[in-house]
$ cat protein-v2.cif   # mmCIF, C-alpha atoms
data_protein
loop_
_atom_site.label_atom_id
_atom_site.label_comp_id
_atom_site.auth_asym_id
_atom_site.auth_seq_id
_atom_site.Cartn_x
_atom_site.Cartn_y
_atom_site.Cartn_z
CA MET A 1 94.32 9.12 -5.03
CA THR A 2 95.89 7.71 -1.89
CA GLY A 3 95.78 10.19 0.96
CA ARG A 4 98.50 10.65 3.55
CA TYR A 5 96.59 9.27 6.46
CA GLU A 6 97.85 8.91 10.01
CA VAL A 7 96.48 6.92 12.92
CA ALA A 8 95.31 9.56 15.40
CA VAL A 9 94.01 7.10 17.97
CA PRO A 10 94.80 3.38 17.68
CA ALA A 11 91.67 1.62 18.87
CA GLY A 12 89.79 -1.59 18.30
CA ALA A 13 86.35 -0.01 18.07
CA ALA A 14 83.69 -2.40 16.87
CA LEU A 15 81.81 0.41 15.15
CA GLY A 16 83.60 3.76 15.35
CA GLU A 17 81.32 6.61 14.28
CA GLY A 18 80.39 10.27 14.39
CA PRO A 19 83.63 12.30 14.63
CA THR A 20 82.81 15.83 15.81
CA TRP A 21 85.13 18.71 16.64
CA ASP A 22 84.38 20.39 19.98
CA PRO A 23 85.92 23.87 19.58
CA ALA A 24 85.35 25.01 23.16
CA ALA A 25 87.36 22.09 24.51
CA GLY A 26 89.79 21.79 21.59
CA ARG A 27 89.09 18.09 21.20
CA LEU A 28 87.53 15.56 18.88
CA LEU A 29 84.53 13.53 20.02
CA TRP A 30 83.60 10.15 18.54
CA THR A 31 81.78 7.00 19.53
CA ASP A 32 82.04 3.24 19.37
CA ILE A 33 78.35 2.49 18.87
CA LEU A 34 78.37 -1.22 19.65
CA GLY A 35 81.04 -0.85 22.33
CA SER A 36 78.86 1.74 24.16
CA ARG A 37 81.82 4.10 24.44
CA LEU A 38 82.31 7.83 24.07
CA HIS A 39 85.85 8.78 23.06
CA THR A 40 87.61 12.14 23.23
CA TYR A 41 90.95 13.08 21.69
CA ASP A 42 92.96 16.29 22.14
CA PRO A 43 95.38 16.51 19.19
CA ALA A 44 97.46 19.25 20.86
CA SER A 45 98.32 17.21 23.95
CA GLY A 46 97.55 13.71 22.72
CA ARG A 47 95.25 13.21 25.71
CA ARG A 48 92.50 10.65 25.22
CA THR A 49 89.56 9.64 27.36
CA ILE A 50 86.97 6.87 27.16
CA ARG A 51 83.60 6.94 28.91
CA THR A 52 81.32 3.91 28.90
CA THR A 53 77.67 4.71 28.25
CA HIS A 54 74.84 2.61 29.64
CA GLN A 55 73.63 1.63 26.15
CA HIS A 56 74.64 1.81 22.49
CA VAL A 57 75.49 5.39 21.50
CA GLY A 58 75.15 6.53 17.90
CA ALA A 59 76.43 10.09 18.11
CA VAL A 60 77.65 12.80 20.48
CA LYS A 61 77.59 16.58 19.96
CA PRO A 62 78.54 19.61 22.06
CA ARG A 63 75.76 21.67 23.71
CA ALA A 64 75.62 25.44 23.61
CA GLY A 65 75.30 25.65 27.39
CA GLY A 66 78.08 23.14 28.08
CA GLY A 67 78.06 19.38 28.24
CA LEU A 68 77.10 16.97 25.49
CA VAL A 69 74.01 15.57 23.80
CA LEU A 70 73.96 11.82 23.07
CA ASN A 71 71.92 9.92 20.50
CA LEU A 72 71.34 6.69 22.43
CA ARG A 73 69.53 3.42 21.79
CA ASP A 74 66.40 4.48 23.69
CA GLY A 75 66.36 8.20 22.88
CA VAL A 76 68.33 11.41 23.24
CA GLY A 77 70.11 12.20 26.51
CA LEU A 78 72.05 15.10 27.98
CA LEU A 79 75.42 14.71 29.66
CA ASP A 80 76.16 17.71 31.85
CA ALA A 81 79.62 19.17 32.37
CA ASP A 82 79.70 17.68 35.89
CA GLY A 83 79.05 14.20 34.50
CA GLY A 84 75.36 14.03 35.38
CA PHE A 85 73.01 12.38 32.90
CA ARG A 86 69.33 12.95 32.13
CA TRP A 87 67.02 12.05 29.30
CA LEU A 88 65.91 14.82 26.96
CA ARG A 89 63.61 12.47 25.08
CA HIS A 90 63.13 8.86 26.12
CA GLU A 91 61.28 6.69 23.58
CA PRO A 92 62.58 3.11 23.48
CA VAL A 93 61.45 0.94 20.58
CA PRO A 94 62.26 -2.80 20.77
CA GLY A 95 64.79 -3.82 18.11
CA ARG A 96 65.74 -0.23 17.25
CA ARG A 97 68.82 1.83 18.07
CA ALA A 98 70.26 5.27 17.44
CA ASN A 99 72.69 5.94 14.63
CA ASP A 100 74.25 9.12 13.27
CA ALA A 101 73.08 12.63 14.20
CA ALA A 102 73.94 16.23 13.27
CA VAL A 103 73.21 19.74 14.48
CA ALA A 104 71.47 22.09 12.05
CA PRO A 105 72.28 25.80 11.64
CA ASP A 106 69.36 26.65 13.94
CA GLY A 107 70.79 24.50 16.76
CA SER A 108 68.30 21.65 16.41
CA LEU A 109 69.47 18.03 16.55
CA TRP A 110 68.66 15.82 13.56
CA ALA A 111 68.85 12.34 15.04
CA GLY A 112 68.68 9.11 13.07
CA THR A 113 67.61 5.62 14.09
CA MET A 114 67.66 2.16 12.53
CA ARG A 115 66.65 -1.38 13.39
CA TYR A 116 69.38 -3.77 14.46
CA ASP A 117 68.35 -6.02 11.58
CA GLU A 118 68.46 -3.03 9.18
CA ALA A 119 64.90 -3.74 8.02
CA PRO A 120 63.69 -1.24 5.39
CA GLY A 121 61.37 1.33 6.87
CA GLY A 122 62.36 0.48 10.44
CA GLY A 123 64.31 3.68 11.10
CA THR A 124 63.55 7.38 11.33
CA LEU A 125 65.08 10.83 11.07
CA SER A 126 63.76 13.27 13.68
CA ARG A 127 64.32 16.94 14.48
CA LEU A 128 64.71 17.78 18.18
CA ALA A 129 64.56 21.31 19.51
CA GLY A 130 66.51 22.41 22.57
CA ASP A 131 63.49 21.91 24.82
CA GLY A 132 63.17 18.27 23.78
CA SER A 133 60.16 18.69 21.52
CA ALA A 134 60.53 16.42 18.51
CA GLU A 135 59.14 15.97 15.03
CA VAL A 136 59.65 12.92 12.85
CA ILE A 137 60.88 14.15 9.46
CA LEU A 138 61.32 10.76 7.76
CA ASP A 139 59.59 7.61 9.01
CA ASP A 140 60.60 5.09 6.33
CA VAL A 141 64.39 4.90 6.71
CA ALA A 142 66.50 1.74 6.73
CA VAL A 143 69.91 2.96 7.99
CA SER A 144 69.83 6.68 8.82
CA ASN A 145 73.32 8.06 8.38
CA GLY A 146 75.22 11.21 7.41
CA THR A 147 73.50 14.61 7.53
CA GLY A 148 75.04 18.00 6.76
CA TRP A 149 74.30 21.51 5.52
CA SER A 150 75.69 23.76 2.80
CA PRO A 151 77.75 26.78 3.92
CA ASP A 152 74.80 29.15 3.44
CA GLY A 153 72.41 26.78 5.21
CA THR A 154 69.98 26.52 2.31
CA LEU A 155 70.67 22.86 1.46
CA MET A 156 70.67 19.73 3.62
CA TYR A 157 72.43 16.54 2.54
CA TYR A 158 71.30 13.17 3.85
CA VAL A 159 72.19 9.46 3.55
CA ASP A 160 69.98 6.40 3.99
CA SER A 161 72.81 3.95 3.31
CA PRO A 162 71.04 1.07 1.49
CA THR A 163 69.75 3.50 -1.16
CA ARG A 164 73.40 4.00 -2.25
CA ARG A 165 72.60 7.72 -2.61
CA VAL A 166 73.34 11.02 -1.02
CA ASP A 167 70.12 13.03 -1.24
CA VAL A 168 69.69 16.78 -0.96
CA PHE A 169 66.83 18.85 0.47
CA ASP A 170 66.02 22.52 0.36
CA PHE A 171 66.44 23.89 3.88
CA SER A 172 64.58 26.96 5.10
CA ALA A 173 65.48 29.54 7.73
CA ASP A 174 62.85 28.11 10.07
CA GLY A 175 64.55 24.69 10.03
CA ARG A 176 62.36 22.86 7.50
CA ALA A 177 63.60 20.39 4.90
CA SER A 178 61.68 19.88 1.65
CA GLY A 179 62.10 18.88 -1.99
CA ARG A 180 64.13 15.72 -1.45
CA ARG A 181 66.03 14.64 -4.56
CA PRO A 182 69.16 12.61 -5.43
CA PHE A 183 72.47 14.47 -5.19
CA VAL A 184 74.89 11.64 -6.10
CA GLY A 185 74.69 7.87 -6.42
CA ILE A 186 77.43 5.45 -5.39
CA GLU A 187 78.15 2.89 -8.09
CA ASP A 188 78.11 -0.86 -7.50
CA GLY A 189 81.36 -2.13 -6.05
CA ALA A 190 82.32 1.19 -4.45
CA GLY A 191 80.66 0.56 -1.10
CA PHE A 192 77.77 2.29 0.62
CA PRO A 193 77.58 5.94 1.66
CA ASP A 194 77.82 6.38 5.43
CA GLY A 195 78.70 9.55 7.34
CA LEU A 196 79.34 12.87 5.61
CA THR A 197 80.57 16.40 6.15
CA VAL A 198 80.42 19.60 4.10
CA ASP A 199 83.47 21.84 3.67
CA ALA A 200 83.83 25.61 3.31
CA ASP A 201 83.62 25.33 -0.48
CA GLY A 202 80.30 23.52 -0.27
CA CYS A 203 81.84 20.20 -1.28
CA VAL A 204 80.38 17.05 0.30
CA TRP A 205 82.79 14.51 1.77
CA VAL A 206 81.31 11.00 2.10
CA ALA A 207 82.71 7.97 3.94
CA LEU A 208 82.24 4.68 2.08
CA TRP A 209 81.35 1.60 4.13
CA ASP A 210 82.94 -1.42 2.44
CA GLY A 211 84.52 1.06 0.03
CA ALA A 212 87.81 1.75 1.88
CA ALA A 213 87.69 5.41 0.95
CA VAL A 214 86.42 8.92 1.55
CA ARG A 215 85.15 10.83 -1.46
CA ARG A 216 84.60 14.54 -2.10
CA TYR A 217 81.84 15.73 -4.42
CA THR A 218 81.55 19.30 -5.68
CA PRO A 219 78.30 21.24 -5.13
CA ALA A 220 77.38 20.16 -8.66
CA GLY A 221 77.68 16.50 -7.67
CA VAL A 222 80.96 15.86 -9.50
CA LEU A 223 83.45 13.49 -7.87
CA ASP A 224 86.73 15.42 -7.71
CA ARG A 225 88.71 13.62 -5.02
CA GLN A 226 88.99 10.18 -3.46
CA ILE A 227 91.21 9.29 -0.52
CA ASP A 228 91.85 5.56 -0.33
CA LEU A 229 92.28 4.04 3.13
CA PRO A 230 93.59 0.66 4.29
CA CYS A 231 90.46 -0.60 6.07
CA PRO A 232 87.22 -1.31 4.17
CA ARG A 233 84.64 -0.16 6.73
CA VAL A 234 85.04 3.62 6.70
CA THR A 235 82.14 5.09 8.65
CA ALA A 236 82.27 8.89 8.93
CA CYS A 237 84.44 11.98 8.52
CA ALA A 238 84.66 15.49 9.96
CA PHE A 239 87.09 18.40 9.92
CA GLY A 240 88.86 19.22 13.15
CA GLY A 241 91.86 20.90 14.68
CA PRO A 242 92.11 24.60 15.58
CA ASP A 243 91.92 25.66 11.91
CA LEU A 244 89.48 22.92 10.84
CA THR A 245 91.87 21.69 8.15
CA ASP A 246 92.46 18.09 9.27
CA LEU A 247 89.96 15.46 8.19
CA TYR A 248 89.25 12.91 10.94
CA VAL A 249 87.86 9.55 9.85
CA THR A 250 86.24 6.82 11.96
CA THR A 251 86.38 3.15 11.02
CA ALA A 252 84.87 -0.18 12.07
CA ARG A 253 86.04 -3.76 12.49
CA VAL A 254 82.65 -5.39 13.10
CA GLY A 255 81.91 -8.20 10.65
CA LEU A 256 85.47 -8.46 9.32
CA ASP A 257 87.09 -11.89 9.43
CA ALA A 258 90.65 -10.56 9.20
CA PRO A 259 90.54 -6.84 9.95
CA HIS A 260 93.41 -4.56 8.96
CA PRO A 261 95.36 -3.31 12.02
CA THR A 262 93.85 0.16 11.54
CA ALA A 263 90.24 -1.07 11.52
CA GLY A 264 88.38 0.46 14.45
CA SER A 265 90.90 3.29 14.85
CA LEU A 266 90.47 7.04 14.44
CA LEU A 267 92.41 8.17 11.37
CA VAL A 268 93.36 11.68 10.27
CA ILE A 269 94.30 13.17 6.90
CA PRO A 270 96.25 16.36 7.70
CA ASN A 271 95.52 19.49 5.66
CA ALA A 272 92.80 17.76 3.65
CA GLY A 273 90.75 20.92 3.13
CA GLN A 274 88.90 23.64 4.99
CA GLY A 275 86.02 22.66 7.21
CA LEU A 276 83.09 24.69 8.50
CA PRO A 277 82.49 25.59 12.14
CA GLN A 278 79.68 23.38 13.42
CA PRO A 279 76.87 24.75 15.61
CA ALA A 280 76.31 23.38 19.10
CA PHE A 281 73.01 21.82 20.12
CA ALA A 282 70.66 24.40 21.58
CA GLY A 283 69.60 22.18 24.51
#
$ encode --input "protein-v2.cif" --output "structure tokens"
Amino acid sequence: MTGRYEVAVPAGAALGEGPTWDPAAGRLLWTDILGSRLHTYDPASGRRTIRTTHQHVGAVKPRAGGGLVLNLRDGVGLLDADGGFRWLRHEPVPGRRANDAAVAPDGSLWAGTMRYDEAPGGGTLSRLAGDGSAEVILDDVAVSNGTGWSPDGTLMYYVDSPTRRVDVFDFSADGRASGRRPFVGIEDGAGFPDGLTVDADGCVWVALWDGAAVRRYTPAGVLDRQIDLPCPRVTACAFGGPDLTDLYVTTARVGLDAPHPTAGSLLVIPNAGQGLPQPAFAG
């Protein structure tokens, strides 16, 4: 079906990514990875801000104590409320950058990386605690992307885009993922799975890179809704707004010879469903 999308923020982002609702500030956060920019958008007032980061930024999330955590090219950094920056974990790897990230129910940050050339096995998925201690969960990733949890926190969904799958893990109360298995596969010609979010019904919404759509899959893995969009490179989605009913969607224009006018903008589908409150990073 064709959704009633609106352009929330007209922008020419090269690689828009990682929409995240910040409930304390009543705003949406998102990034332009290759533009090294952190965007904010307040839908109540329409106010927008742009902050340039000193390197490519894959994701941004609110922190429990105030400020933001950034998944950056050379590691994970903390941006304090007063604008000060410090590294939480600094581990540069030549040819590698950060990509998507998500905060687990226990407040840990699950941060993905990938090589610029997207070489298989060149990326990772790591779990970072609030004190900066880290554990590599997956060390053979190509393009680490969407990560999300079921409403009861017992399942974790994860995308390594070139696999064309959304996988699911069992997730324990102590923050451990195990039993990886396929949840859904994306058929040839429909694009590649990118970012994802999970709604209050346990359905998994997946953005389709080169698929010009966002799909919703039931907890049983059945496709029950598709929202077609005008630009092919749809990168990620998240619920936002005071009631978490509006679905915000980031897009990209990188690599497109004749991009649609909306490519690189932040889109919104009003009243698309009911989202889940997202935890803040414990650091």
$ residues_around --input "protein-v2.cif" --residues "A:Ser161" --least-positions-apart "4" --cutoff "10 Å" --atoms "only C-alpha atoms" --output "PDB file with C-alpha atoms, keeping the file's coordinate frame"
ATOM      1  CA  VAL A 141      64.390   4.900   6.710  1.00  0.00           C
ATOM      2  CA  ALA A 142      66.500   1.740   6.730  1.00  0.00           C
ATOM      3  CA  VAL A 143      69.910   2.960   7.990  1.00  0.00           C
ATOM      4  CA  SER A 144      69.830   6.680   8.820  1.00  0.00           C
ATOM      5  CA  ASN A 145      73.320   8.060   8.380  1.00  0.00           C
ATOM      6  CA  GLY A 146      75.220  11.210   7.410  1.00  0.00           C
ATOM      7  CA  ARG A 165      72.600   7.720  -2.610  1.00  0.00           C
ATOM      8  CA  VAL A 166      73.340  11.020  -1.020  1.00  0.00           C
ATOM      9  CA  ILE A 186      77.430   5.450  -5.390  1.00  0.00           C
ATOM     10  CA  GLY A 191      80.660   0.560  -1.100  1.00  0.00           C
ATOM     11  CA  PHE A 192      77.770   2.290   0.620  1.00  0.00           C
ATOM     12  CA  PRO A 193      77.580   5.940   1.660  1.00  0.00           C
ATOM     13  CA  ASP A 194      77.820   6.380   5.430  1.00  0.00           C
ATOM     14  CA  GLY A 195      78.700   9.550   7.340  1.00  0.00           C
ATOM     15  CA  LEU A 208      82.240   4.680   2.080  1.00  0.00           C
ATOM     16  CA  TRP A 209      81.350   1.600   4.130  1.00  0.00           C
TER      17      TRP A 209
END
$ resolve_selection --input "protein-v2.cif" --expression "the PyMOL selection byres ((chain A and resi 109) around 10)" --output "list in words"
Lys61, Val69, Asn71, Val76, Ala101, Ala102, Val103, Ala104, Pro105, Asp106, Gly107, Ser108, Trp110, Ala111, Gly112, Ser126, Arg127, Leu128, Ala129, Gly130, Gly132, Ala134, Ala280, Phe281, Ala282 and Gly283 of chain A
$ axis_aligned_box --input "protein-v2.cif" --around "stretch 42-58 of chain A" --padding-each-side "6 Å" --output "lines of an AutoDock Vina configuration file"
center_x = 86.0
center_y = 10.4
center_z = 23.8
size_x = 36.7
size_y = 29.6
size_z = 23.7
$ residues_around --input "protein-v2.cif" --residues "A:Arg51" --least-positions-apart "3" --cutoff "9 Å" --atoms "only C-alpha atoms" --output "PyMOL selection string"
chain A and resi 36-40
$ residues_near_point --input "protein-v2.cif" --point "(73.3, 13.8, -4.7)" --cutoff "9 Å" --atoms "all atoms listed in the file" --output "MDAnalysis selection string"
chainID A and resid 157:158 165:168 181:185 217 219:221
$ resolve_selection --input "protein-v2.cif" --expression "the PyMOL selection byres ((chain A and resi 77) around 6)" --output "short mmCIF file (atom, residue, chain, number, x, y, z; two decimals) with C-alpha atoms, in the frame of the given file"
data_model
loop_
_atom_site.label_atom_id
_atom_site.label_comp_id
_atom_site.auth_asym_id
_atom_site.auth_seq_id
_atom_site.Cartn_x
_atom_site.Cartn_y
_atom_site.Cartn_z
CA VAL A 69 74.01 15.57 23.80
CA LEU A 70 73.96 11.82 23.07
CA VAL A 76 68.33 11.41 23.24
CA LEU A 78 72.05 15.10 27.98
CA ARG A 86 69.33 12.95 32.13
CA TRP A 87 67.02 12.05 29.30
CA LEU A 88 65.91 14.82 26.96
#
$ closest_residue --input "protein-v2.cif" --among "A:Gly275, A:Gly255, A:His260, A:Asp117" --to "A:Trp205" --atoms "only C-alpha atoms"
A:Gly275
$ residues_near_point --input "protein-v2.cif" --point "(92.1, 19.9, 12.5)" --cutoff "10 Å" --atoms "all atoms listed in the file" --output "PyMOL selection string"
chain A and resi 21+26-28+43-44+238-248+268-275
$ decode --input "protein-v2.cif" --residues "stretch 126-141 of chain A" --atoms "N, CA, C and O atoms" --output "PDB file, in the first residue's frame"
ATOM      1  N   SER A 126      29.103  -4.846  18.587  1.00  0.00           N
ATOM      2  CA  SER A 126      29.648  -4.883  19.942  1.00  0.00           C
ATOM      3  C   SER A 126      28.630  -4.371  20.948  1.00  0.00           C
ATOM      4  O   SER A 126      27.783  -3.526  20.630  1.00  0.00           O
ATOM      5  N   ARG A 127      28.745  -4.867  22.175  1.00  0.00           N
ATOM      6  CA  ARG A 127      27.917  -4.426  23.291  1.00  0.00           C
ATOM      7  C   ARG A 127      28.772  -3.581  24.226  1.00  0.00           C
ATOM      8  O   ARG A 127      29.802  -4.043  24.731  1.00  0.00           O
ATOM      9  N   LEU A 128      28.350  -2.323  24.457  1.00  0.00           N
ATOM     10  CA  LEU A 128      29.076  -1.428  25.344  1.00  0.00           C
ATOM     11  C   LEU A 128      28.238  -1.124  26.575  1.00  0.00           C
ATOM     12  O   LEU A 128      27.084  -0.705  26.468  1.00  0.00           O
ATOM     13  N   ALA A 129      28.830  -1.329  27.737  1.00  0.00           N
ATOM     14  CA  ALA A 129      28.188  -0.965  28.991  1.00  0.00           C
ATOM     15  C   ALA A 129      28.388   0.523  29.247  1.00  0.00           C
ATOM     16  O   ALA A 129      29.183   1.194  28.577  1.00  0.00           O
ATOM     17  N   GLY A 130      27.692   1.039  30.252  1.00  0.00           N
ATOM     18  CA  GLY A 130      27.770   2.454  30.556  1.00  0.00           C
ATOM     19  C   GLY A 130      29.146   2.930  30.956  1.00  0.00           C
ATOM     20  O   GLY A 130      29.475   4.108  30.778  1.00  0.00           O
ATOM     21  N   ASP A 131      29.977   2.015  31.489  1.00  0.00           N
ATOM     22  CA  ASP A 131      31.329   2.407  31.896  1.00  0.00           C
ATOM     23  C   ASP A 131      32.341   2.330  30.762  1.00  0.00           C
ATOM     24  O   ASP A 131      33.527   2.576  30.968  1.00  0.00           O
ATOM     25  N   GLY A 132      31.868   1.974  29.569  1.00  0.00           N
ATOM     26  CA  GLY A 132      32.753   1.899  28.413  1.00  0.00           C
ATOM     27  C   GLY A 132      33.336   0.536  28.152  1.00  0.00           C
ATOM     28  O   GLY A 132      33.984   0.332  27.119  1.00  0.00           O
ATOM     29  N   SER A 133      33.144  -0.406  29.053  1.00  0.00           N
ATOM     30  CA  SER A 133      33.623  -1.763  28.789  1.00  0.00           C
ATOM     31  C   SER A 133      32.845  -2.351  27.624  1.00  0.00           C
ATOM     32  O   SER A 133      31.642  -2.115  27.476  1.00  0.00           O
ATOM     33  N   ALA A 134      33.549  -3.099  26.776  1.00  0.00           N
ATOM     34  CA  ALA A 134      32.931  -3.562  25.534  1.00  0.00           C
ATOM     35  C   ALA A 134      33.210  -5.033  25.306  1.00  0.00           C
ATOM     36  O   ALA A 134      34.225  -5.581  25.747  1.00  0.00           O
ATOM     37  N   GLU A 135      32.281  -5.658  24.587  1.00  0.00           N
ATOM     38  CA  GLU A 135      32.415  -7.059  24.195  1.00  0.00           C
ATOM     39  C   GLU A 135      31.955  -7.187  22.745  1.00  0.00           C
ATOM     40  O   GLU A 135      30.873  -6.707  22.388  1.00  0.00           O
ATOM     41  N   VAL A 136      32.783  -7.786  21.918  1.00  0.00           N
ATOM     42  CA  VAL A 136      32.397  -8.021  20.535  1.00  0.00           C
ATOM     43  C   VAL A 136      31.445  -9.223  20.493  1.00  0.00           C
ATOM     44  O   VAL A 136      31.811 -10.322  20.899  1.00  0.00           O
ATOM     45  N   ILE A 137      30.248  -8.991  20.008  1.00  0.00           N
ATOM     46  CA  ILE A 137      29.242 -10.056  19.930  1.00  0.00           C
ATOM     47  C   ILE A 137      29.350 -10.805  18.603  1.00  0.00           C
ATOM     48  O   ILE A 137      29.303 -12.027  18.560  1.00  0.00           O
ATOM     49  N   LEU A 138      29.497 -10.057  17.508  1.00  0.00           N
ATOM     50  CA  LEU A 138      29.662 -10.641  16.177  1.00  0.00           C
ATOM     51  C   LEU A 138      30.891 -10.010  15.542  1.00  0.00           C
ATOM     52  O   LEU A 138      31.016  -8.784  15.527  1.00  0.00           O
ATOM     53  N   ASP A 139      31.779 -10.844  15.014  1.00  0.00           N
ATOM     54  CA  ASP A 139      33.023 -10.310  14.427  1.00  0.00           C
ATOM     55  C   ASP A 139      33.161 -10.620  12.951  1.00  0.00           C
ATOM     56  O   ASP A 139      34.234 -10.460  12.376  1.00  0.00           O
ATOM     57  N   ASP A 140      32.069 -11.040  12.306  1.00  0.00           N
ATOM     58  CA  ASP A 140      32.142 -11.420  10.889  1.00  0.00           C
ATOM     59  C   ASP A 140      31.009 -10.773  10.087  1.00  0.00           C
ATOM     60  O   ASP A 140      30.394 -11.392   9.237  1.00  0.00           O
ATOM     61  N   VAL A 141      30.756  -9.496  10.365  1.00  0.00           N
ATOM     62  CA  VAL A 141      29.654  -8.768   9.753  1.00  0.00           C
ATOM     63  C   VAL A 141      30.146  -8.024   8.512  1.00  0.00           C
ATOM     64  O   VAL A 141      31.301  -7.595   8.456  1.00  0.00           O
TER      65      VAL A 141
END
